[in-house]
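Raw work-v3.txt, compact mmCIF, C-alpha atoms and all ligand atoms:
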# COMPACT_ATOMS: atom_id res chain seq x y z
CA MET A 1 -3.43 -5.58 -22.69
CA ILE A 2 -6.58 -6.01 -20.60
CA VAL A 3 -7.27 -8.16 -17.53
CA ARG A 4 -8.69 -10.94 -19.78
CA ASP A 5 -5.30 -11.19 -21.54
CA VAL A 6 -3.54 -11.53 -18.19
CA ILE A 7 -5.91 -14.41 -17.35
CA ASP A 8 -5.00 -16.20 -20.61
CA ILE A 9 -1.27 -15.59 -20.38
CA LEU A 10 -1.06 -16.77 -16.78
CA GLU A 11 -3.62 -19.57 -17.28
CA ALA A 12 -5.20 -18.02 -14.24
CA GLU A 13 -8.31 -18.79 -12.26
CA VAL A 14 -10.61 -15.84 -11.53
CA VAL A 15 -11.18 -15.69 -7.79
CA TYR A 16 -13.05 -12.39 -7.82
CA GLU A 17 -14.19 -10.66 -10.96
CA ALA A 18 -14.33 -6.86 -11.11
CA ASP A 19 -13.72 -5.20 -14.50
CA LEU A 20 -12.10 -7.82 -16.78
CA ASP A 21 -11.86 -5.27 -19.59
CA ALA A 22 -9.79 -2.85 -17.51
CA GLU A 23 -6.66 -1.84 -19.35
CA ILE A 24 -3.30 -3.00 -17.95
CA LEU A 25 -0.31 -0.84 -18.88
CA SER A 26 2.38 -2.13 -16.54
CA ALA A 27 3.16 -4.74 -13.91
CA CYS A 28 4.86 -4.98 -10.55
CA GLY A 29 5.97 -8.23 -8.87
CA SER A 30 6.93 -8.21 -5.19
CA ASP A 31 6.26 -9.76 -1.79
CA MET A 32 7.20 -6.56 0.05
CA MET A 33 4.38 -4.05 0.08
CA SER A 34 6.49 -0.91 0.59
CA ASP A 35 8.46 -1.96 -2.43
CA VAL A 36 5.22 -1.90 -4.41
CA LEU A 37 4.27 1.46 -2.92
CA ALA A 38 7.58 2.94 -4.08
CA PHE A 39 6.46 2.32 -7.64
CA VAL A 40 4.00 4.79 -9.08
CA LYS A 41 2.48 3.81 -12.34
CA ASP A 42 -1.04 3.93 -13.66
CA GLN A 43 -3.15 0.91 -14.52
CA SER A 44 -0.84 -1.70 -13.22
CA VAL A 45 -1.24 -5.34 -12.24
CA LEU A 46 0.31 -6.59 -8.98
CA LEU A 47 1.87 -10.07 -8.87
CA THR A 48 2.65 -11.38 -5.41
CA GLY A 49 3.31 -14.52 -3.40
CA LEU A 50 2.15 -12.76 -0.23
CA VAL A 51 -1.39 -13.62 0.76
CA ASN A 52 -2.95 -11.25 3.29
CA PRO A 53 -5.42 -8.33 3.25
CA GLN A 54 -2.62 -5.77 3.10
CA VAL A 55 -2.00 -6.85 -0.49
CA VAL A 56 -5.47 -5.57 -1.41
CA ARG A 57 -5.03 -2.38 0.61
CA THR A 58 -1.70 -1.73 -1.11
CA ALA A 59 -3.19 -2.30 -4.56
CA ASP A 60 -6.07 0.01 -3.68
CA MET A 61 -3.71 2.80 -2.58
CA MET A 62 -1.95 2.46 -5.93
CA ASP A 63 -5.25 2.43 -7.88
CA MET A 64 -4.41 -1.00 -9.31
CA HIS A 65 -7.24 -2.97 -10.96
CA CYS A 66 -5.91 -6.49 -10.67
CA ILE A 67 -3.94 -8.69 -8.26
CA VAL A 68 -2.42 -12.05 -9.23
CA PHE A 69 -1.52 -14.50 -6.47
CA VAL A 70 1.26 -16.68 -7.85
CA ARG A 71 2.26 -20.27 -7.01
CA GLY A 72 -1.40 -21.24 -6.76
CA LYS A 73 -1.89 -19.54 -3.41
CA SER A 74 -5.51 -19.12 -2.37
CA PRO A 75 -6.77 -15.90 -0.82
CA ASP A 76 -9.23 -16.23 2.07
CA GLN A 77 -12.67 -14.64 2.39
CA THR A 78 -11.39 -11.51 4.16
CA ILE A 79 -9.18 -10.80 1.16
CA ILE A 80 -11.98 -11.46 -1.32
CA ASP A 81 -14.42 -9.22 0.60
CA LEU A 82 -11.91 -6.39 0.65
CA ALA A 83 -11.32 -6.77 -3.10
CA LYS A 84 -15.09 -6.64 -3.71
CA GLU A 85 -15.36 -3.47 -1.70
CA ARG A 86 -12.53 -1.87 -3.68
CA GLY A 87 -13.48 -3.23 -7.11
CA ILE A 88 -10.22 -5.09 -7.67
CA THR A 89 -10.06 -8.33 -9.71
CA ILE A 90 -8.31 -11.22 -7.96
CA LEU A 91 -6.59 -13.93 -10.00
CA LYS A 92 -4.71 -17.03 -8.97
CA SER A 93 -2.01 -18.57 -11.17
CA ARG A 94 -0.15 -21.82 -10.64
CA PHE A 95 3.04 -20.29 -12.10
CA ARG A 96 5.81 -19.18 -9.79
CA MET A 97 6.70 -15.50 -9.58
CA PHE A 98 9.61 -15.63 -12.06
CA THR A 99 7.64 -17.51 -14.69
CA ALA A 100 4.49 -15.43 -14.25
CA CYS A 101 6.45 -12.18 -14.66
CA GLY A 102 8.38 -13.65 -17.61
CA ARG A 103 5.19 -14.64 -19.42
CA LEU A 104 3.72 -11.16 -19.08
CA TYR A 105 7.02 -9.57 -20.13
CA ASP A 106 7.13 -11.84 -23.14
CA ALA A 107 3.64 -10.69 -24.07
CA GLY A 108 4.89 -7.09 -24.13
CA LEU A 109 4.08 -5.85 -20.64
CA ARG A 110 6.79 -3.77 -18.97
CA GLY A 111 7.65 -2.67 -15.46
CA GLY A 112 6.77 0.91 -16.04
CA CYS A 113 10.05 2.09 -14.49
CA ASP A 114 13.36 2.64 -16.28
CA ILE A 115 15.05 -0.09 -14.27
CA MET B 1 -7.07 27.39 6.82
CA ALA B 2 -10.24 25.79 8.13
CA GLY B 3 -10.87 22.33 6.80
CA LEU B 4 -12.54 19.02 7.48
CA LYS B 5 -10.97 17.36 10.52
CA LEU B 6 -10.93 13.59 10.92
CA THR B 7 -9.55 11.45 13.74
CA TYR B 8 -8.83 7.71 13.65
CA ASP B 9 -7.57 5.14 16.12
CA ILE B 10 -4.88 2.83 14.79
CA SER B 11 -4.77 -0.57 16.48
CA SER B 12 -1.66 -2.56 17.12
CA ALA B 13 -0.70 -5.03 14.40
CA GLU B 14 -0.49 -7.71 17.09
CA ASP B 15 -4.16 -7.22 17.94
CA ASP B 16 -5.51 -6.89 14.43
CA PHE B 17 -3.25 -6.64 11.42
CA THR B 18 -6.17 -7.16 9.05
CA ARG B 19 -7.53 -3.74 9.93
CA ALA B 20 -4.25 -1.86 9.62
CA GLY B 21 -4.76 0.50 6.71
CA GLU B 22 -8.43 1.19 7.41
CA ALA B 23 -7.84 4.81 8.37
CA SER B 24 -5.93 5.50 5.14
CA GLY B 25 -8.60 3.68 3.12
CA SER B 26 -11.30 5.81 4.65
CA VAL B 27 -9.39 9.06 4.04
CA LYS B 28 -8.93 8.03 0.43
CA LYS B 29 -12.67 7.39 0.08
CA LYS B 30 -13.51 10.75 1.64
CA LEU B 31 -11.13 12.61 -0.71
CA ARG B 32 -12.68 10.85 -3.70
CA GLN B 33 -16.18 11.81 -2.58
CA ILE B 34 -15.30 15.47 -2.37
CA GLY B 35 -13.57 15.33 -5.73
CA TYR B 36 -10.06 16.12 -4.55
CA ASN B 37 -7.23 16.23 -7.12
CA PRO B 38 -6.47 12.55 -8.03
CA GLU B 39 -2.69 12.95 -7.93
CA ALA B 40 -2.92 14.44 -4.43
CA ILE B 41 -5.27 11.61 -3.38
CA ARG B 42 -2.73 9.00 -4.44
CA LYS B 43 0.10 10.75 -2.59
CA VAL B 44 -1.99 11.12 0.58
CA SER B 45 -3.14 7.49 0.37
CA ILE B 46 0.36 6.04 0.03
CA ALA B 47 2.01 8.30 2.62
CA MET B 48 -0.72 7.79 5.18
CA TYR B 49 -0.90 4.04 4.60
CA GLU B 50 2.86 3.68 5.16
CA GLY B 51 2.61 5.83 8.29
CA GLU B 52 -0.38 3.90 9.59
CA ILE B 53 1.34 0.54 9.05
CA ASN B 54 4.42 1.82 10.89
CA VAL B 55 2.30 2.91 13.86
CA ALA B 56 0.57 -0.50 13.85
CA ILE B 57 3.70 -2.63 13.57
CA HIS B 58 6.48 -0.61 15.23
CA ALA B 59 4.60 1.33 17.90
CA GLY B 60 1.74 -0.89 19.10
CA GLY B 61 -0.90 1.45 17.72
CA GLY B 62 -1.75 5.13 18.08
CA LYS B 63 -3.89 7.63 16.28
CA ALA B 64 -4.14 9.70 13.14
CA GLN B 65 -5.47 13.22 12.74
CA VAL B 66 -6.19 14.37 9.23
CA GLU B 67 -7.22 17.81 8.07
CA ILE B 68 -8.56 18.23 4.57
CA ALA B 69 -8.44 21.82 3.33
CA PRO B 70 -8.97 23.04 -0.24
CA ASP B 71 -5.27 23.76 -0.69
CA ALA B 72 -3.66 20.86 1.23
CA VAL B 73 -4.13 17.70 3.28
CA THR B 74 -2.30 17.54 6.61
CA MET B 75 -1.77 14.14 8.27
CA VAL B 76 -0.51 13.76 11.83
CA LEU B 77 0.37 10.26 13.08
CA ILE B 78 0.81 10.02 16.83
CA ASP B 79 2.03 7.05 18.84
CA HIS B 80 3.42 6.32 22.28
CA GLY B 81 5.63 3.49 21.08
CA PRO B 82 9.40 3.01 21.45
CA GLY B 83 10.41 6.09 19.43
CA ILE B 84 13.08 6.10 16.71
CA ALA B 85 16.63 6.15 18.06
CA ASP B 86 18.36 7.19 14.83
CA VAL B 87 16.05 9.10 12.50
CA GLU B 88 18.74 9.62 9.88
CA LYS B 89 19.25 5.87 9.57
CA ALA B 90 15.52 5.16 9.64
CA MET B 91 15.07 7.51 6.68
CA GLN B 92 17.50 5.49 4.53
CA GLU B 93 16.03 3.18 1.93
CA GLY B 94 16.39 -0.42 3.03
CA TRP B 95 17.00 0.25 6.71
CA SER B 96 14.60 -1.67 8.92
CA THR B 97 14.39 -3.18 12.39
CA ALA B 98 11.37 -5.29 11.43
CA PRO B 99 11.61 -8.84 12.81
CA GLN B 100 11.00 -11.91 10.64
CA GLU B 101 7.29 -12.14 11.65
CA VAL B 102 6.73 -8.67 10.22
CA ARG B 103 8.66 -9.50 7.04
CA ASN B 104 6.44 -12.52 6.59
CA LEU B 105 3.50 -10.12 6.52
CA GLY B 106 5.07 -8.21 3.61
CA PHE B 107 6.61 -5.33 5.55
CA GLY B 108 10.16 -4.51 6.58
CA ALA B 109 11.76 -3.51 3.27
CA GLY B 110 12.81 -0.26 4.92
CA MET B 111 10.98 1.72 2.27
CA GLY B 112 8.10 3.18 4.30
CA LEU B 113 9.65 6.38 5.65
CA PRO B 114 11.47 7.12 2.35
CA ASN B 115 8.13 6.65 0.52
CA MET B 116 6.40 9.00 2.95
CA LYS B 117 9.07 11.62 2.31
CA LYS B 118 8.90 11.09 -1.45
CA TYR B 119 5.13 11.44 -1.77
CA THR B 120 4.62 14.45 0.52
CA ASP B 121 5.47 18.13 0.19
CA SER B 122 6.69 18.27 3.77
CA MET B 123 7.35 15.72 6.48
CA GLU B 124 8.43 16.36 10.04
CA ILE B 125 9.38 13.70 12.60
CA GLU B 126 9.32 14.37 16.33
CA THR B 127 10.47 11.36 18.28
CA GLU B 128 11.84 10.46 21.68
CA VAL B 129 13.10 7.05 22.64
CA GLY B 130 10.75 5.46 25.17
CA LYS B 131 8.10 8.16 24.68
CA GLY B 132 6.80 7.90 21.14
CA THR B 133 6.73 9.44 17.71
CA THR B 134 4.68 12.12 15.97
CA ILE B 135 4.96 12.49 12.22
CA THR B 136 3.36 15.42 10.41
CA MET B 137 3.00 15.27 6.64
CA VAL B 138 1.49 17.76 4.20
CA VAL B 139 0.40 17.09 0.62
CA LYS B 140 -0.58 20.16 -1.43
CA ALA B 141 -3.68 19.92 -3.55
N1 LIG C 1 6.22 4.93 14.46
C1 LIG C 1 7.38 4.34 14.68
N2 LIG C 1 7.78 4.02 15.93
C2 LIG C 1 8.97 3.41 16.16
N3 LIG C 1 9.84 3.08 15.19
C3 LIG C 1 9.52 3.37 13.92
C4 LIG C 1 8.27 4.00 13.59
N4 LIG C 1 8.26 4.18 12.25
C5 LIG C 1 9.41 3.69 11.76
N5 LIG C 1 10.17 3.19 12.76
C6 LIG C 1 11.53 2.62 12.65
O1 LIG C 1 12.12 3.05 11.43
C7 LIG C 1 12.49 1.91 10.63
C8 LIG C 1 12.30 2.26 9.17
O2 LIG C 1 10.91 2.48 8.88
P1 LIG C 1 10.36 2.25 7.41
O3 LIG C 1 8.90 2.48 7.41
O4 LIG C 1 11.18 3.07 6.48
O5 LIG C 1 10.68 0.72 7.14
P2 LIG C 1 9.97 -0.57 7.72
O6 LIG C 1 8.67 -0.19 8.35
O7 LIG C 1 10.94 -1.29 8.58
O8 LIG C 1 9.73 -1.41 6.40
P3 LIG C 1 8.65 -1.08 5.25
O9 LIG C 1 8.05 0.26 5.56
O10 LIG C 1 9.43 -1.08 3.98
O11 LIG C 1 7.66 -2.17 5.30
C9 LIG C 1 11.61 0.80 11.13
O12 LIG C 1 12.17 -0.47 10.85
C10 LIG C 1 11.55 1.11 12.62
O13 LIG C 1 12.73 0.70 13.26
MG MG C 2 7.30 0.96 7.30
Could you write out this file's structure as C-alpha cells?
Amino acid sequence: MIVRDVIDILEAEVVYEADLDAEILSACGSDMMSDVLAFVKDQSVLLTGLVNPQVVRTADMMDMHCIVFVRGKSPDQTIIDLAKERGITILKSRFRMFTACGRLYDAGLRGGCDI
Amino acid sequence: MAGLKLTYDISSAEDDFTRAGEASGSVKKKLRQIGYNPEAIRKVSIAMYEGEINVAIHAGGGKAQVEIAPDAVTMVLIDHGPGIADVEKAMQEGWSTAPQEVRNLGFGAGMGLPNMKKYTDSMEIETEVGKGTTITMVVKA
C-alpha cells in the first residue's frame, strides 16, 4: 500500500502533501504519544484524534511518512509547518478512529506487532 | 572518548508546549547529517524525546547535554523539578501522575520511562524529591 491508497480508503483530504508514493507497511492508531513511541515498525502510518504539534514530532521520531487526523479534525498552521519541515504527509479523514482503522485493516494493512 | 558535545535548554510545557521536542529533533538531524547508524538514531530520538517531554511537563523545564562519539551517544537530562518519589513505580508501564490537562495533550500513558529504558543500552536515574532529577542514557552505535 502507498499513501495514495490510504487517501482513497479513508476518503481523506490532503492537508499537506509530501511523498504520496511512499510505501506504507503498517499502521498505528492512538491518542497517546508514548503509546505510539512504544511501537517500532518501519514505514508506518499514524492515525490519531489528537491534534497538536507533538503528533508530528512523534511521527518524525518514528520515521513515519504519513499522519491521518481522524474525525475530520483540522490541524493548524504550526502543525502543517512542522510537517513540511519534516517531509511528512498530513491527511484528514471524516471517519472516526475505529472505522478508519477498520477500513485500513480490511484493505490488508496490519499493526506490525503480534498483538 | 572525545565526541561532539551539544547543550540544549528545555522550556516548561506550561510556557511553550509547542517547542517541547525541539532538542531531540535537532539531535536527530545532527546524527543524520553525520551519517550515524539509522537504528541508533531512532533509539536516540525516541529516548531523548520521551526524556525531553518529561522534563517539560513534569519538571517545569531543564536542560539536555548530548555527546555524540563514534561508538555511542550519551544523553543527560537535568532538571530541578519535584524529583521522583518512587522510581520503581515510575518505571512501571502505565504508571503516571500526569493530570488531565497533560493527558489531553497526548501524554500520561505512563510509557515514557519504560520506553527510554527499552531503547537505550543503559539508563541511570538520580533523583531527589524537592531537588530534581538527572537521567543519563547511552545508546551504542
Ligand atoms: N523529570 C521528571 N521529574 C519529575 N517526575 C518525573 C520526571 N519524569 C517522570 N516523572 C514521573 O514519573 C511518572 C512516569 O513517567 P513516564 O514518562 O513513564 O510516564 P508519563 O510521563 O506520566 O506518561 P507518558 O510518558 O506515557 O506520556 C510521571 O507520571 C511522573 O510522575
Ligand atoms: Mg513521560
Identify, on the basis of all atoms listed in the file, every residue whose closest approach to stretch 43-47 of chain A does not exceed 8 Å; exclude the query and any residue fewer than 2 positions from it along the same chain; express the result as an MDAnalysis selection string. chainID A and resid 23:30 41 49 59 63:70 97 101
Identify which of the residues B:Ile135, B:Leu105, B:Met111, B:Leu31 lies closest to ligand LIG 1 (chain C), counting all atoms listed in the file when measuring atom-to-atom distances. B:Met111
Could the residues that lie within 6 Å of ligand LIG 1 (chain C), counting all atoms listed in the file, be listed as a list in words?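 Listing the residues within 6 Å of ligand LIG 1 (chain C) gives Ser34 of chain A; Asn54, Val55, His58, Ala59, Gly81, Pro82, Gly83, Ile84, Ala90, Met91, Trp95, Ser96, Thr97, Ala98, Phe107, Gly108, Ala109, Gly110, Met111, Gly112, Leu113, Pro114 and Thr133 of chain B.
Nearest to chain A of all the residues B:Val138, B:Ile53, B:Leu77, B:Ala72 is B:Ile53, based on all atoms listed in the file.
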Gap from atom CA of B:Gly25 to atom CA of B:Ile46 - Å, one decimal: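 Going from atom CA of B:Gly25 over to atom CA of B:Ile46, I get 9.8 Å.
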Among the residues B:Ile10, B:Val27, B:Ala69, B:Met137, the one that comes closest to chain A [using all atoms listed in the file]: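 Counting all atoms listed in the file, the residue closest to chain A is B:Val27.
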